[in-house]
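Engineer: Please find input_39.txt (compact mmCIF, C-alpha atoms) on the next line:
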```txt
# COMPACT_ATOMS: atom_id res chain seq x y z
CA MET A 1 91.66 116.40 91.60
CA VAL A 2 92.64 113.50 93.83
CA GLN A 3 92.10 111.08 90.97
CA LYS A 4 94.39 113.16 88.81
CA LYS A 5 97.12 113.18 91.46
CA TYR A 6 96.68 109.44 91.99
CA ASP A 7 97.03 108.74 88.28
CA GLN A 8 99.95 111.11 87.90
CA ALA A 9 101.86 109.28 90.65
CA PHE A 10 101.69 106.04 88.63
CA MET A 11 102.62 107.76 85.39
CA THR A 12 105.59 109.51 86.99
CA ALA A 13 106.84 106.51 88.96
CA PHE A 14 106.63 104.08 86.05
CA ASP A 15 107.04 106.47 83.13
CA ILE A 16 103.83 105.21 81.51
CA GLY A 17 100.91 106.88 79.77
CA ASP A 18 97.35 107.09 81.03
CA ALA A 19 96.31 104.28 78.69
CA ALA A 20 98.18 101.86 80.96
CA LEU A 21 96.13 102.84 84.00
CA GLY A 22 93.25 100.63 85.03
CA PRO A 23 92.27 97.26 86.53
CA ASP A 24 95.01 95.38 84.68
CA LEU A 25 97.78 97.44 86.24
CA LYS A 26 99.13 95.28 89.05
CA TYR A 27 102.39 94.67 90.86
CA GLU A 28 104.77 92.97 88.41
CA SER A 29 102.25 93.24 85.55
CA ILE A 30 104.74 95.62 83.92
CA GLN A 31 108.53 95.52 84.17
CA GLU A 32 108.62 98.93 85.85
CA TRP A 33 106.42 97.90 88.79
CA ASP A 34 108.86 95.72 90.67
CA SER A 35 110.16 95.98 94.22
CA ILE A 36 112.21 99.08 93.47
CA GLY A 37 109.53 100.66 91.29
CA HIS A 38 107.13 100.15 94.20
CA MET A 39 109.32 102.36 96.38
CA GLY A 40 109.11 105.18 93.87
CA LEU A 41 105.34 104.80 93.49
CA ILE A 42 104.70 104.99 97.24
CA ALA A 43 106.99 108.01 97.56
CA GLU A 44 105.13 109.79 94.72
CA LEU A 45 101.75 109.03 96.29
CA GLU A 46 102.84 110.12 99.76
CA ASP A 47 104.21 113.39 98.42
CA SER A 48 101.32 114.26 96.12
CA LEU A 49 98.56 113.26 98.57
CA ASP A 50 100.45 114.45 101.65
CA ILE A 51 100.10 111.20 103.57
CA SER A 52 102.48 108.74 105.21
CA MET A 53 101.47 105.17 104.57
CA GLU A 54 101.87 102.36 107.09
CA MET A 55 104.02 99.41 106.11
CA ASP A 56 101.10 96.94 106.01
CA ASP A 57 99.31 99.22 103.56
CA ILE A 58 102.44 99.61 101.45
CA ILE A 59 102.70 95.84 101.14
CA ASP A 60 98.96 95.45 100.43
CA PHE A 61 99.17 98.08 97.69
CA SER A 62 99.24 95.44 94.97
CA SER A 63 97.29 97.04 92.14
CA TYR A 64 95.95 100.29 90.75
CA GLU A 65 92.46 99.40 91.99
CA LYS A 66 93.54 98.06 95.39
CA GLY A 67 95.48 101.27 95.95
CA LYS A 68 92.30 103.31 95.69
CA GLU A 69 90.79 101.34 98.57
CA ILE A 70 93.91 101.74 100.65
CA ILE A 71 94.27 105.50 100.34
CA LYS A 72 90.67 105.92 101.53
CA LYS A 73 91.98 104.81 104.94
CA TYR A 74 93.93 108.07 105.00
CA ASN A 75 90.75 110.13 104.58
CA ILE A 76 91.36 110.63 100.89
CA ASP A 77 88.21 110.57 98.77
CA ILE A 78 88.79 109.15 95.33
CA MET B 79 141.22 73.53 82.03
CA TYR B 80 139.21 73.74 78.83
CA SER B 81 139.20 76.40 76.22
CA ILE B 82 136.72 76.49 73.39
CA ASN B 83 139.28 77.86 70.96
CA ASN B 84 141.54 74.95 71.74
CA LEU B 85 138.79 72.39 72.09
CA SER B 86 139.15 69.68 69.53
CA TYR B 87 135.76 68.38 68.61
CA ASN B 88 137.28 64.90 68.69
CA LYS B 89 137.38 65.31 72.43
CA VAL B 90 133.73 66.08 72.63
CA LYS B 91 132.03 63.32 74.56
CA ASN B 92 128.81 63.40 72.69
CA LYS B 93 127.67 64.87 69.43
CA GLU B 94 124.03 64.56 68.89
CA ARG B 95 121.64 66.03 66.39
CA LEU B 96 118.52 67.34 68.00
CA CYS B 97 115.55 68.89 66.25
CA ASN B 98 117.31 71.49 64.12
CA MET B 99 120.56 71.98 65.93
CA ILE B 100 123.71 70.13 66.78
CA LYS B 101 124.62 69.67 70.41
CA GLN B 102 128.14 69.08 71.63
CA GLU B 103 128.98 68.55 75.27
CA ILE B 104 131.92 70.43 76.72
CA SER B 105 132.24 67.93 79.55
CA ASP B 106 130.22 64.95 80.79
CA ASP B 107 128.44 66.98 83.39
CA TRP B 108 128.11 70.53 82.26
CA GLY B 109 128.42 72.89 79.31
CA CYS B 110 127.00 72.44 75.86
CA ILE B 111 127.70 74.07 72.51
CA ILE B 112 124.71 74.48 70.24
CA THR B 113 125.23 75.21 66.58
CA PRO B 114 122.70 75.42 63.76
CA SER B 115 122.57 72.42 61.49
CA ASN B 116 121.47 74.47 58.49
CA ASN B 117 121.38 78.22 59.11
CA GLU B 118 118.31 77.97 61.34
CA ASP B 119 117.00 81.00 63.14
CA ILE B 120 117.77 80.76 66.86
CA GLN B 121 114.16 81.67 67.61
CA LYS B 122 113.01 78.54 65.85
CA LEU B 123 114.86 76.21 68.24
CA GLU B 124 112.60 73.87 70.13
CA TYR B 125 111.79 75.55 73.47
CA ASN B 126 111.55 72.34 75.49
CA GLU B 127 114.86 71.05 74.15
CA ILE B 128 116.66 74.24 75.09
CA VAL B 129 115.10 74.23 78.55
CA TYR B 130 116.18 70.63 79.07
CA LEU B 131 119.74 71.28 77.88
CA PHE B 132 119.97 74.35 80.08
CA GLU B 133 118.77 72.54 83.17
CA ARG B 134 120.95 69.52 82.44
CA TYR B 135 124.18 71.30 81.46
CA GLY B 136 123.83 74.68 83.19
CA ALA B 137 125.69 76.67 80.54
CA LEU B 138 124.82 76.77 76.83
CA LEU B 139 126.89 78.41 74.13
CA PHE B 140 124.92 79.32 71.01
CA ARG B 141 127.50 79.75 68.29
CA GLY B 142 127.02 80.41 64.60
CA PHE B 143 123.44 81.63 64.69
CA GLY B 144 124.58 85.10 63.70
CA PHE B 145 121.69 87.17 64.99
CA PRO B 146 122.50 90.84 65.64
CA PRO B 147 122.51 92.50 69.09
CA GLU B 148 119.28 94.32 68.25
CA LYS B 149 117.50 90.94 68.29
CA ILE B 150 118.73 89.65 71.64
CA THR B 151 115.51 90.11 73.56
CA THR B 152 113.47 88.36 70.90
CA VAL B 153 115.39 85.28 72.10
CA THR B 154 115.62 85.98 75.83
CA ASP B 155 111.94 86.94 76.06
CA GLN B 156 111.02 83.34 75.28
CA TYR B 157 112.86 82.05 78.34
CA THR B 158 112.12 84.91 80.73
CA GLU B 159 109.13 85.62 82.91
CA ARG B 160 110.73 88.67 84.47
CA TYR B 161 113.97 90.59 83.99
CA SER B 162 116.03 91.89 86.88
CA GLY B 163 114.71 95.26 88.03
CA GLU B 164 118.06 96.52 89.23
CA ALA B 165 119.54 95.92 85.82
CA GLN B 166 116.70 97.76 84.15
CA ARG B 167 117.84 100.96 85.82
CA ARG B 168 121.26 100.91 84.18
CA PRO B 169 121.91 102.52 80.81
CA SER B 170 120.49 100.26 78.15
CA ARG B 171 122.03 99.21 74.84
CA TYR B 172 120.80 98.61 71.30
CA GLY B 173 117.37 100.04 72.08
CA GLN B 174 116.48 97.28 74.53
CA LYS B 175 115.85 98.29 78.16
CA VAL B 176 117.12 95.04 79.65
CA VAL B 177 120.33 94.83 77.59
CA HIS B 178 123.40 96.33 79.25
CA ASP B 179 127.10 96.58 78.73
CA VAL B 180 129.03 94.02 80.80
CA ASP B 181 132.16 96.06 81.23
CA MET B 182 130.56 99.46 81.81
CA SER B 183 127.61 98.15 83.78
CA GLY B 184 128.96 99.37 87.09
CA MET B 185 129.31 103.01 86.20
CA ASN B 186 125.74 104.05 86.80
CA MET B 187 125.57 102.15 90.07
CA GLY B 188 128.75 103.63 91.48
CA ARG B 189 130.72 100.42 91.22
CA GLY B 190 134.43 100.32 90.83
CA VAL B 191 135.09 97.59 88.26
CA ILE B 192 135.54 99.63 85.11
CA GLY B 193 137.98 99.08 82.32
CA GLY B 194 140.10 96.01 81.92
CA ALA B 195 140.79 94.82 85.46
CA SER B 196 140.21 91.18 86.27
CA VAL B 197 137.03 90.31 88.15
CA GLY B 198 136.94 87.48 90.69
CA TRP B 199 134.58 84.53 90.94
CA HIS B 200 130.98 85.47 91.54
CA SER B 201 127.39 84.70 90.79
CA GLU B 202 125.79 87.78 89.19
CA ASN B 203 124.10 89.78 91.96
CA GLY B 204 124.49 86.77 94.26
CA PHE B 205 124.26 89.10 97.25
CA SER B 206 121.12 90.93 96.13
CA PRO B 207 117.52 90.40 97.29
CA THR B 208 116.71 89.90 93.60
CA TRP B 209 119.11 87.24 92.38
CA PRO B 210 118.74 86.44 88.65
CA GLU B 211 118.14 82.80 87.81
CA VAL B 212 119.59 83.10 84.34
CA ILE B 213 122.19 85.43 82.86
CA TRP B 214 122.87 85.86 79.16
CA LEU B 215 126.10 87.15 77.61
CA TYR B 216 126.37 88.29 74.00
CA CYS B 217 129.64 89.10 72.25
CA VAL B 218 129.47 92.16 70.00
CA THR B 219 133.25 92.45 69.68
CA PRO B 220 135.65 89.83 71.06
CA PRO B 221 138.67 91.02 73.05
CA GLU B 222 141.89 91.14 71.08
CA LYS B 223 144.02 90.01 73.99
CA GLY B 224 142.94 88.68 77.39
CA GLY B 225 139.41 89.41 78.56
CA LYS B 226 138.29 85.80 78.54
CA THR B 227 135.26 84.90 80.61
CA MET B 228 135.80 82.06 83.07
CA LEU B 229 133.15 79.68 84.25
CA CYS B 230 133.19 77.29 87.18
CA ASP B 231 130.43 74.76 87.73
CA GLY B 232 129.28 75.25 91.32
CA LYS B 233 127.96 71.69 91.38
CA ALA B 234 131.39 70.24 90.60
CA LEU B 235 133.02 72.71 92.96
CA TRP B 236 130.76 71.68 95.83
CA GLU B 237 131.57 68.04 95.23
CA ALA B 238 135.28 68.84 95.29
CA LEU B 239 135.24 70.72 98.60
CA SER B 240 136.28 69.05 101.85
CA VAL B 241 133.68 68.00 104.39
CA LYS B 242 135.05 70.59 106.80
CA THR B 243 134.39 73.37 104.31
CA LYS B 244 131.00 72.00 103.31
CA SER B 245 129.98 71.83 106.97
CA PHE B 246 130.99 75.42 107.45
CA PHE B 247 128.67 76.61 104.66
CA THR B 248 125.70 74.32 105.30
CA ALA B 249 125.56 75.35 108.97
CA GLN B 250 124.69 78.99 108.38
CA PRO B 251 124.16 81.58 105.65
CA VAL B 252 126.38 84.45 104.64
CA ARG B 253 125.30 87.91 105.81
CA TYR B 254 125.67 90.74 103.29
CA GLN B 255 125.11 94.29 104.52
CA LEU B 256 123.95 96.26 101.50
CA GLU B 257 123.45 99.77 100.22
CA ILE B 258 121.58 99.61 96.93
CA PRO B 259 121.07 102.76 94.82
CA ILE B 260 117.44 102.94 93.72
CA GLY B 261 118.00 105.51 91.01
CA ASP B 262 115.91 108.27 92.55
CA LYS B 263 116.41 110.82 95.33
CA LYS B 264 113.81 112.85 97.20
CA PRO B 265 115.72 115.43 99.25
CA GLY B 266 114.01 116.24 102.53
CA LYS B 267 111.91 113.08 102.62
CA GLY B 268 114.35 111.42 105.00
CA ILE B 269 114.28 107.82 106.19
CA LYS B 270 111.42 105.44 105.41
CA PRO B 271 111.31 101.96 106.98
CA TRP B 272 110.75 99.37 104.25
CA PHE B 273 109.98 95.70 103.69
CA LEU B 274 111.13 93.47 100.84
CA ASN B 275 109.18 90.27 100.30
CA THR B 276 112.26 88.11 99.80
CA ILE B 277 113.68 85.41 102.05
CA GLY B 278 116.64 86.51 104.13
CA THR B 279 116.16 90.26 103.64
CA GLY B 280 115.94 92.38 106.79
CA ASP B 281 116.79 95.67 108.53
CA CYS B 282 115.42 97.45 105.51
CA TYR B 283 114.94 101.19 105.08
CA ILE B 284 115.15 103.79 102.33
CA ASP B 285 117.15 106.97 102.76
CA TRP B 286 115.38 109.20 100.27
CA ASP B 287 117.91 111.99 100.74
CA THR B 288 120.61 109.79 99.24
CA GLY B 289 118.41 107.49 97.16
CA ILE B 290 119.86 104.42 98.86
CA LEU B 291 118.06 101.29 100.04
CA HIS B 292 119.78 99.87 103.13
CA CYS B 293 119.24 96.23 104.07
CA THR B 294 120.89 93.01 105.11
CA GLN B 295 120.66 89.86 103.04
CA LEU B 296 121.16 86.40 104.51
CA ARG B 297 121.89 83.83 101.82
CA PHE B 298 123.48 80.40 101.93
CA ALA B 299 126.62 80.09 99.83
CA VAL B 300 125.32 76.77 98.53
CA GLN B 301 121.99 76.19 96.81
CA GLU B 302 119.89 73.26 95.69
CA GLY B 303 120.44 72.70 91.97
CA ARG B 304 117.67 72.44 89.41
CA SER B 305 117.58 68.64 89.56
CA GLY B 306 116.91 68.70 93.30
CA ARG B 307 119.58 66.05 93.74
CA ASP B 308 122.69 68.20 93.86
CA LEU B 309 123.98 71.23 95.68
CA CYS B 310 125.71 74.08 93.88
CA PHE B 311 128.27 76.43 95.41
CA SER B 312 127.19 79.74 93.96
CA ASN B 313 127.64 83.02 95.80
CA HIS B 314 129.42 86.35 96.00
CA LEU B 315 132.29 85.51 98.33
CA TYR B 316 135.20 86.31 96.04
CA ILE B 317 134.48 89.79 94.76
CA ASP B 318 136.77 92.37 96.35
CA LEU B 319 134.53 94.67 98.39
CA ASP B 320 136.52 97.66 97.15
CA THR B 321 135.10 96.99 93.70
CA GLU B 322 131.51 96.35 94.83
CA PRO B 323 130.27 99.41 96.77
CA GLN B 324 126.81 97.90 97.20
CA ILE B 325 128.27 95.43 99.72
CA ILE B 326 129.26 97.25 102.90
CA SER B 327 130.26 94.13 104.78
CA ARG B 328 130.24 90.38 104.26
CA THR B 329 130.44 87.90 107.13
CA MET B 330 128.78 84.68 108.15
CA ALA B 331 125.37 85.11 109.82
CA ASP B 332 126.88 84.85 113.31
CA GLY B 333 129.33 87.64 112.48
CA GLN B 334 132.47 85.54 112.03
CA GLU B 335 134.76 86.06 109.07
CA ILE B 336 135.28 83.19 106.66
CA PRO B 337 138.61 81.57 107.65
CA GLU B 338 141.45 82.17 105.24
CA SER B 339 142.11 78.43 104.95
CA ILE B 340 138.58 77.86 103.67
CA MET B 341 138.83 80.70 101.16
CA GLU B 342 142.13 79.30 99.90
CA GLU B 343 140.68 75.85 99.45
CA ILE B 344 137.73 77.20 97.47
CA HIS B 345 139.97 79.32 95.28
CA GLN B 346 142.34 76.47 94.55
CA LYS B 347 139.56 74.03 93.70
CA ALA B 348 137.66 76.58 91.61
CA ASP B 349 140.83 77.27 89.63
CA ASN B 350 141.19 73.56 88.93
CA LEU B 351 137.66 73.48 87.54
CA THR B 352 137.98 76.63 85.48
CA PHE B 353 136.65 76.76 81.94
CA GLU B 354 138.05 79.66 79.94
CA HIS B 355 135.78 80.90 77.22
CA SER B 356 137.44 82.67 74.29
CA TRP B 357 134.80 84.85 72.72
CA GLU B 358 133.88 84.87 69.06
CA LYS B 359 131.74 87.54 67.45
CA ARG B 360 128.02 86.93 68.13
CA ASP B 361 128.61 84.14 70.63
CA PHE B 362 125.59 83.97 72.90
CA VAL B 363 125.83 82.24 76.28
CA MET B 364 123.02 81.25 78.65
CA VAL B 365 124.18 80.55 82.22
CA ASP B 366 122.42 79.06 85.25
CA ASN B 367 123.38 81.83 87.66
CA LEU B 368 122.29 79.84 90.72
CA ARG B 369 124.71 77.07 89.74
CA PHE B 370 127.73 78.69 88.07
CA LEU B 371 130.35 81.14 89.19
CA HIS B 372 131.92 83.34 86.55
CA ALA B 373 134.92 85.65 86.44
CA ARG B 374 136.86 87.79 83.97
CA ARG B 375 140.49 87.81 82.93
CA ALA B 376 142.11 91.23 82.68
CA TYR B 377 142.45 92.97 79.33
CA GLU B 378 144.04 96.14 78.01
CA LYS B 379 142.20 99.38 78.65
CA ASP B 380 141.84 100.24 74.96
CA ASP B 381 140.80 96.72 73.93
CA PRO B 382 137.68 96.75 71.73
CA ARG B 383 135.99 94.01 73.83
CA GLU B 384 132.24 94.60 73.92
CA LEU B 385 129.99 92.15 75.73
CA LEU B 386 126.33 92.57 76.59
CA LEU B 387 124.53 91.26 79.67
CA ILE B 388 120.90 90.39 80.21
CA GLN B 389 119.61 89.21 83.60
CA SER B 390 116.47 87.10 83.84
CA GLU B 391 115.33 87.32 87.43
CA ARG B 392 112.83 84.54 86.82
CA ALA B 393 112.89 82.06 83.98
CA SER B 394 109.74 81.27 82.04
CA PHE B 395 110.08 77.60 83.03
CA GLY B 396 109.83 76.07 86.50
CA TYR B 397 112.91 75.31 88.55
CA GLY B 398 113.87 71.80 87.48
CA SER B 399 110.74 71.41 85.38
CA SER B 400 112.48 69.50 82.59
CA LEU B 401 114.44 67.13 84.81
CA THR B 402 112.55 63.96 85.54
CA ARG B 403 112.34 62.81 89.11
CA LYS B 404 111.41 59.32 90.21
CA SER B 405 107.65 58.99 90.23
CA ILE B 406 105.76 57.59 93.18
CA ASN B 407 103.23 54.93 92.22
```
For the file at hand, write its structure as structure tokens.
Structural biologist:
Amino acid sequence: MVQKKYDQAFMTAFDIGDAALGPDLKYESIQEWDSIGHMGLIAELEDSLDISMEMDDIIDFSSYEKGKEIIKKYNIDI
Amino acid sequence: MYSINNLSYNKVKNKERLCNMIKQEISDDWGCIITPSNNEDIQKLEYNEIVYLFERYGALLFRGFGFPPEKITTVTDQYTERYSGEAQRRPSRYGQKVVHDVDMSGMNMGRGVIGGASVGWHSENGFSPTWPEVIWLYCVTPPEKGGKTMLCDGKALWEALSVKTKSFFTAQPVRYQLEIPIGDKKPGKGIKPWFLNTIGTGDCYIDWDTGILHCTQLRFAVQEGRSGRDLCFSNHLYIDLDTEPQIISRTMADGQEIPESIMEEIHQKADNLTFEHSWEKRDFVMVDNLRFLHARRAYEKDDPRELLLIQSERASFGYGSSLTRKSIN
């Protein structure tokens, strides 16, 4: 369930399909994931997972995989 | 003042045949017209030659290649590592996400410059945290009357300014207070402190209720040029704030206004260095946005003028990579 919400946040924020999700999806690896796209992604994740991320974590959130590690800090099992 | 329509090729300082194109300088120091020598495809031009000409001359006019607007990004992709994100969020044209209409580009962002009003000297998004290195302009339909695009070489302008004015701008950056629409609202989410990993950006937060990013941007009005040997006066000091709602205020970093006498000097010297470009159908222009200022002459509201804009936030080649510096043995 959490994995589905996590994936959906990326797909909604960047308007991409699930085929684009995975280890290759990183900040600036696609046009949509730029500084402004990052704002939308974090907002989607915070809303769907009901968390409020700290700024250091927002900045460290540099890839699809790295993000999974970061949200574990908020007691989210993924 | 130069004008391409009036430019006699006898006046051209240099006419040189490169790989599969003919190069003609507009002046000794900047500007270059590139025409095909034998109906070559623009995509077949030698990448390194174009990069060198761009870095050397700062503004390239590709004329006579005749490729349609649907093919623009097949050219710009070669010279672009990343397109401007802000621009991506505007309505796109000709099925290409990064291609936008020059004259209607402000509508989606709440800007005021719509229709045929003149637009003052500026570097495209010169106030923004993401400042495009290269801008591209493509002419779908030339204006019938007026509507010329003006260019001013910021390198020549800097050289022309008085020491008093130069000192004023080297001593401290300009401070732009900004409100940037991010294209999405989340009512009820409120204010979120934010950080942008760009030099000079501060006091940053997102108001999700309004979908606005608030920040300040400190940026010097003068930049190091691609050769590393020159400075270029390239900035956003001359756009009327009434026509650019993203800029809430514009002062020097210490809060002082720019003295009127300095603004007048800049304007006068920029006008003396103005190049007026008269558009022809399918003209394609590549501009060093960190070096050049550009502006627009007014045109009639119902004029058919249609220009397209592409913003490359980062070029695919290093800053100054084609310009040889003295080696150290």
Engineer: Quick one, how far is atom CA of A:Leu49 from atom CA of A:Gln3?
Structural biologist: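 Value for the atom CA of A:Leu49-atom CA of A:Gln3 distance: 10.2 Å.
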Engineer: With a distance threshold of 9 Å and counting only C-alpha atoms, extract the residues of chain A near chain B and express them as a short mmCIF file (atom, residue, chain, number, x, y, z; two decimals) with C-alpha atoms, keeping the file's coordinate frame.
Structural biologist:
```cif
data_model
loop_
_atom_site.label_atom_id
_atom_site.label_comp_id
_atom_site.auth_asym_id
_atom_site.auth_seq_id
_atom_site.Cartn_x
_atom_site.Cartn_y
_atom_site.Cartn_z
CA GLU A 28 104.77 92.97 88.41
CA GLN A 31 108.53 95.52 84.17
CA GLU A 32 108.62 98.93 85.85
CA TRP A 33 106.42 97.90 88.79
CA ASP A 34 108.86 95.72 90.67
CA SER A 35 110.16 95.98 94.22
CA ILE A 36 112.21 99.08 93.47
CA GLY A 37 109.53 100.66 91.29
CA MET A 39 109.32 102.36 96.38
CA GLY A 40 109.11 105.18 93.87
CA ALA A 43 106.99 108.01 97.56
CA ASP A 47 104.21 113.39 98.42
CA MET A 55 104.02 99.41 106.11
CA ILE A 58 102.44 99.61 101.45
CA ILE A 59 102.70 95.84 101.14
#
```
Engineer: One number please: atom CA of B:Gly268 to atom CA of B:Thr288, in Å, one decimal.
Structural biologist: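 It comes out at 8.7 Å.
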Engineer: Wanna dump the stretch 97-216 of chain B-stretch 387-404 of chain B contacts at 9 Å for me, each residue with its shortest atom pair and the distance in Å to one decimal, counting all atoms listed in the file, ordered by chain and number, as CSV?
Structural biologist:
```
residue,atom,partner,partner_atom,distance
B:Asn126,CA,B:Ser400,CA,7.7
B:Glu127,CA,B:Ser400,CA,8.9
B:Val129,CA,B:Ser400,CA,6.7
B:Tyr130,CA,B:Ser400,CA,5.2
B:Leu131,CA,B:Ser400,CA,8.8
B:Glu133,CA,B:Gly398,CA,6.6
B:Arg134,CA,B:Leu401,CA,7.3
B:Ile150,CA,B:Ile388,CA,8.9
B:Thr151,CA,B:Ile388,CA,8.6
B:Thr154,CA,B:Ser390,CA,8.1
B:Asp155,CA,B:Ser394,CA,8.5
B:Gln156,CA,B:Ser394,CA,7.2
B:Tyr157,CA,B:Ser394,CA,4.9
B:Thr158,CA,B:Ala393,CA,4.4
B:Glu159,CA,B:Ser394,CA,4.5
B:Arg160,CA,B:Arg392,CA,5.2
B:Tyr161,CA,B:Ser390,CA,4.3
B:Ser162,CA,B:Glu391,CA,4.7
B:Gly163,CA,B:Glu391,CA,8.0
B:Ala165,CA,B:Gln389,CA,7.1
B:Val176,CA,B:Ile388,CA,6.0
B:Val177,CA,B:Ile388,CA,5.2
B:His178,CA,B:Leu387,CA,5.2
B:Asp179,CA,B:Leu387,CA,6.0
B:Val180,CA,B:Leu387,CA,5.4
B:Ser183,CA,B:Leu387,CA,8.6
B:Glu202,CA,B:Gln389,CA,8.5
B:Thr208,CA,B:Glu391,CA,6.8
B:Trp209,CA,B:Glu391,CA,6.2
B:Pro210,CA,B:Glu391,CA,3.7
B:Glu211,CA,B:Glu391,CA,5.3
B:Val212,CA,B:Ser390,CA,5.1
B:Ile213,CA,B:Gln389,CA,4.6
B:Trp214,CA,B:Ile388,CA,5.1
B:Leu215,CA,B:Leu387,CA,4.9
B:Tyr216,CA,B:Leu387,CA,6.7
```
Engineer: Could you please determine the separation between atom CA of A:Gly17 and atom CA of A:Ile71 in Å, to one decimal place?
Structural biologist: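 Atom CA of A:Gly17 sits 21.7 Å away from atom CA of A:Ile71.
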Engineer: Once 4 Å is added on each side, what are the centre and the three edge lengths, in Å to one decimal, of the axis-aligned box enclosing the listed atoms of stretch 12-27 of chain A? Present them as JSON.
Structural biologist:
```
{"center_x": 99.7, "center_y": 102.1, "center_z": 84.8, "size_x": 22.8, "size_y": 22.8, "size_z": 20.2}
```
Engineer: Please return as a PyMOL selection string every residue within 10 Å of (99.1, 108.8, 103.4), taking into account all atoms listed in the file and the file's own coordinates.
Structural biologist: chain A and resi 42-43+45-54+57-58+70-76
Engineer: Tell me, as a PyMOL selection string, which residues lie within 7 Å of B:Gly278, counting all atoms listed in the file; anything in the same chain fewer than 3 positions away does not count.
Structural biologist: chain B and resi 295-297
Engineer: Just checking: using all atoms listed in the file, which residue out of B:Asp318, B:Asp231, B:Glu302, B:Glu354 ends up closest to B:Thr248?
Structural biologist: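 Looking only at the distances to B:Thr248, the closest residue turns out to be B:Glu302.
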